[in-house]
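S.K.: Here it is: the structure, laid out below.
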Amino acid sequence: MDAADPWVMLRTGKIEEGLSVFKQAHSESPSASHTMELGVAYLWVERYEIAWKHFSAMNEAYPRYGSGFYGMAGAAKWCLGEYIEAVKQWIVGLDSNYADTAGLGLRLPLLLFFASVVKPETYCKTLAEELLKEKSKDRRITRWPGPIVRWLSDQIGEIELHAHCKVDDESDSRDRQWLAEFYQSTVHYDKGKHSEFVETMRKLTDTSRSEWKDETFFLARMWSEEFFLARHAADLT
């Protein structure tokens, strides 16, 4: 690992040093990528209120610019325990100009499904399921994480879902398996398997596991709201 890498700094406890690098990059060039990177760094070190203000400022300056900024803003609110406000962010972000996954826009509907199961008072599960079914009609739905949407919509079974998780790139395969397990565990929660859900969330956010040494895997997880939601669930008990 490169000791000068700000992510390495954050992971090795040099929080202020790492954040200063991200802050400087954002100050010199407040691009979308630098904005996202700094905000995700705040989330990683659990400075949720600062992360919320950071992403909220972006969304206020550029309304509905990109679904990812609303996704992360909602993740910050979720980790603050402000679940209804988190869902509001995800709902507003559905109409963003730039959607994720090659324009498919699956990021926020999946988060809304999670919310409807884990905190049913925040969003109607039926609406979440209808939103996923509508998304599944897109001919590009075979692109990841489309198979998760198709599985949640009962269009494919678990065997086919797991088949979609296996690709030539090992890091990508681990990343897909991680996300699939997150949503499988969410379904288990919906079926009343709450202790199993918490156990899985702990496993998924255990950064001492070998796969987290892979920088590609680590960064993929950081750019996924689900990691922060899983860590929050694991920390509640």
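Labels for the structure tokens follow display order: chains A, B, ..., residues from 1 in each chain, ligands from 1.
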Set the distance at 7 Å and use only C-alpha atoms: which residues neighbour region 6-11 of chain A once local chain neighbours fewer than 6 positions away are removed? I'd like the list as a list in words.
M.R.: Glu17, Gly18 and Val21 of chain A
S.K.: Give me a file of those residues, with N, CA and C atoms, as a CSV table (one decimal), in the first residue's frame.
M.R.:
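Result went into part.csv, see below:
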```
chain,number,residue,atom,x,y,z
A,17,GLU,N,-4.9,13.7,8.4
A,17,GLU,CA,-4.0,13.8,7.3
A,17,GLU,C,-4.7,13.4,6.0
A,18,GLY,N,-5.4,12.3,6.0
A,18,GLY,CA,-6.1,11.8,4.9
A,18,GLY,C,-7.2,12.8,4.4
A,21,VAL,N,-6.0,15.8,2.5
A,21,VAL,CA,-5.7,15.6,1.1
A,21,VAL,C,-6.9,15.7,0.2
```
S.K.: Fewer than 3 positions away in the same chain doesn't count, so skip those; otherwise give me all residues within 10 Å of Trp151 (chain A), counting only C-alpha atoms, as a compact mmCIF listing (two decimals) with C-alpha atoms, in the first residue's frame.
M.R.:
```txt
# COMPACT_ATOMS: atom_id res chain seq x y z
CA SER A 136 -36.80 -4.50 -14.63
CA GLY A 146 -29.88 -5.56 -12.69
CA PRO A 147 -29.94 -9.26 -11.72
CA ILE A 148 -30.56 -8.25 -8.09
CA ASP A 154 -39.20 -12.87 -8.67
CA GLN A 155 -38.06 -12.99 -12.28
CA ILE A 156 -35.03 -15.18 -11.59
CA GLY A 157 -34.05 -17.55 -8.80
CA GLU A 158 -31.07 -17.52 -6.46
CA ILE A 159 -29.07 -19.92 -8.64
CA GLU A 160 -29.26 -17.54 -11.60
CA LEU A 161 -28.53 -14.58 -9.34
CA ALA A 180 -26.17 -9.77 -3.57
CA TYR A 183 -30.08 -7.77 -0.42
CA GLN A 184 -30.56 -11.45 0.29
```
S.K.: Of the candidates A:Lys133, A:Ala61, A:Cys79, A:Gln89, which one gets nearest to Val149 (chain A) if we count only C-alpha atoms?
M.R.: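 Nearest candidate to Val149 (chain A) out of A:Lys133, A:Ala61, A:Cys79, A:Gln89: A:Lys133.
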S.K.: So which residues touch region 120-122 of chain A within 12 Å, counting only C-alpha atoms, skipping near sequence neighbours fewer than 3 positions away, as a list in words?
M.R.: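 Everything that qualifies: Trp78, Gly81, Glu82, Tyr83, Ile84, Glu85, Ala86, Val87, Lys88, Gln89, Trp90, Ile91, Leu111, Leu112, Phe113, Phe114, Ala115, Ser116, Val117, Lys125, Thr126, Leu127, Ala128, Tyr189 and Asp190 of chain A.
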S.K.: Neighbouring residues of Thr216 (chain A) were defined as those with any atom within 12 Å, considering only C-alpha atoms; residues of the same chain fewer than 6 positions away were excluded. Please report them as a PyMOL selection string.
M.R.: chain A and resi 7+169-175+222-223
S.K.: Please, which residues of region 55-231 of chain A, numbered as in this document, come out helix (DSSP H, G or I) from DSSP, as a ChimeraX atom specification?
M.R.: /A:55-61,67-79,83-93,107-118,125-135,146-152,158-165,170-190,194-204,210-213,215-222,225-231
S.K.: The selected residues should be written to file as a compact mmCIF listing (two decimals), in the first residue's frame (atoms: C-alpha atoms).
M.R.:
```txt
# COMPACT_ATOMS: atom_id res chain seq x y z
CA PHE A 55 -23.67 16.32 -0.05
CA SER A 56 -26.64 18.55 0.72
CA ALA A 57 -24.66 21.60 -0.45
CA MET A 58 -23.93 19.81 -3.72
CA ASN A 59 -27.59 18.91 -4.22
CA GLU A 60 -28.72 22.46 -3.44
CA ALA A 61 -26.19 23.95 -5.83
CA SER A 67 -28.50 10.13 -8.21
CA GLY A 68 -25.27 9.24 -6.42
CA PHE A 69 -25.20 12.51 -4.49
CA TYR A 70 -28.75 11.96 -3.25
CA GLY A 71 -27.86 8.36 -2.47
CA MET A 72 -24.94 9.36 -0.28
CA ALA A 73 -26.83 12.27 1.30
CA GLY A 74 -29.51 9.78 2.28
CA ALA A 75 -26.90 7.36 3.60
CA ALA A 76 -25.54 10.09 5.86
CA LYS A 77 -29.01 10.82 7.21
CA TRP A 78 -29.68 7.10 7.68
CA CYS A 79 -26.53 6.70 9.74
CA TYR A 83 -34.52 7.52 8.46
CA ILE A 84 -37.46 9.46 7.06
CA GLU A 85 -35.18 12.27 5.88
CA ALA A 86 -32.88 9.68 4.30
CA VAL A 87 -35.77 8.27 2.30
CA LYS A 88 -36.80 11.77 1.23
CA GLN A 89 -33.35 12.22 -0.29
CA TRP A 90 -33.64 8.97 -2.21
CA ILE A 91 -37.09 9.84 -3.50
CA VAL A 92 -35.99 13.28 -4.73
CA GLY A 93 -32.95 11.70 -6.38
CA ARG A 107 -29.24 2.66 -7.12
CA LEU A 108 -32.05 4.55 -5.38
CA PRO A 109 -34.90 2.08 -6.01
CA LEU A 110 -32.79 -0.61 -4.32
CA LEU A 111 -32.14 1.66 -1.35
CA LEU A 112 -35.85 2.41 -1.10
CA PHE A 113 -36.57 -1.31 -1.05
CA PHE A 114 -34.10 -1.75 1.80
CA ALA A 115 -35.73 1.10 3.72
CA SER A 116 -39.22 -0.30 3.16
CA VAL A 117 -38.17 -3.58 4.75
CA VAL A 118 -35.91 -2.48 7.60
CA LYS A 125 -42.89 -1.76 0.42
CA THR A 126 -45.49 -2.19 -2.32
CA LEU A 127 -44.33 1.05 -3.93
CA ALA A 128 -40.71 -0.09 -3.68
CA GLU A 129 -41.53 -3.40 -5.33
CA GLU A 130 -43.51 -1.67 -8.09
CA LEU A 131 -40.58 0.65 -8.73
CA LEU A 132 -38.21 -2.31 -9.05
CA LYS A 133 -40.59 -4.15 -11.40
CA GLU A 134 -40.85 -1.07 -13.58
CA LYS A 135 -37.06 -0.82 -13.73
CA GLY A 146 -29.88 -5.56 -12.69
CA PRO A 147 -29.94 -9.26 -11.72
CA ILE A 148 -30.56 -8.25 -8.09
CA VAL A 149 -33.59 -6.25 -9.20
CA ARG A 150 -34.82 -9.19 -11.27
CA TRP A 151 -34.34 -11.53 -8.30
CA LEU A 152 -36.21 -9.20 -5.95
CA GLU A 158 -31.07 -17.52 -6.46
CA ILE A 159 -29.07 -19.92 -8.64
CA GLU A 160 -29.26 -17.54 -11.60
CA LEU A 161 -28.53 -14.58 -9.34
CA HIS A 162 -25.36 -16.23 -8.09
CA ALA A 163 -24.39 -17.09 -11.65
CA HIS A 164 -24.48 -13.38 -12.48
CA CYS A 165 -22.12 -12.75 -9.56
CA GLU A 170 -12.08 -11.58 -9.23
CA SER A 171 -12.54 -8.20 -7.56
CA ASP A 172 -15.73 -7.60 -9.52
CA SER A 173 -17.02 -11.04 -8.54
CA ARG A 174 -16.41 -10.35 -4.85
CA ASP A 175 -18.10 -6.98 -5.19
CA ARG A 176 -21.17 -8.52 -6.82
CA GLN A 177 -21.36 -11.29 -4.26
CA TRP A 178 -21.18 -8.71 -1.46
CA LEU A 179 -24.09 -6.69 -2.83
CA ALA A 180 -26.17 -9.77 -3.57
CA GLU A 181 -25.68 -10.99 -0.01
CA PHE A 182 -26.71 -7.59 1.33
CA TYR A 183 -30.08 -7.77 -0.42
CA GLN A 184 -30.56 -11.45 0.29
CA SER A 185 -30.09 -10.61 3.96
CA THR A 186 -32.61 -7.78 3.61
CA VAL A 187 -35.15 -10.31 2.37
CA HIS A 188 -34.29 -12.54 5.33
CA TYR A 189 -35.05 -9.61 7.61
CA ASP A 190 -38.41 -9.23 5.91
CA HIS A 194 -33.58 -10.37 12.33
CA SER A 195 -30.65 -11.91 14.18
CA GLU A 196 -29.41 -13.51 10.96
CA PHE A 197 -29.65 -10.11 9.27
CA VAL A 198 -27.52 -8.43 11.94
CA GLU A 199 -24.96 -11.24 11.80
CA THR A 200 -24.68 -10.85 8.04
CA MET A 201 -24.33 -7.06 8.30
CA ARG A 202 -21.47 -7.56 10.74
CA LYS A 203 -19.76 -9.98 8.39
CA LEU A 204 -20.23 -7.71 5.38
CA SER A 210 -9.00 -10.82 3.51
CA GLU A 211 -11.04 -9.40 0.62
CA TRP A 212 -10.76 -5.91 2.08
CA LYS A 213 -7.02 -5.91 1.34
CA GLU A 215 -7.98 -1.89 -3.06
CA THR A 216 -10.42 -2.30 -5.94
CA PHE A 217 -12.88 -4.14 -3.71
CA PHE A 218 -12.46 -1.59 -0.94
CA LEU A 219 -13.13 1.40 -3.19
CA ALA A 220 -16.13 -0.31 -4.77
CA ARG A 221 -17.62 -0.73 -1.33
CA MET A 222 -16.93 2.88 -0.41
CA GLU A 225 -24.36 3.33 0.09
CA GLU A 226 -25.14 -0.21 1.19
CA PHE A 227 -21.82 -0.49 3.03
CA PHE A 228 -22.70 2.42 5.33
CA LEU A 229 -26.24 1.13 5.84
CA ALA A 230 -24.84 -2.30 6.73
CA ARG A 231 -22.31 -0.83 9.14
```
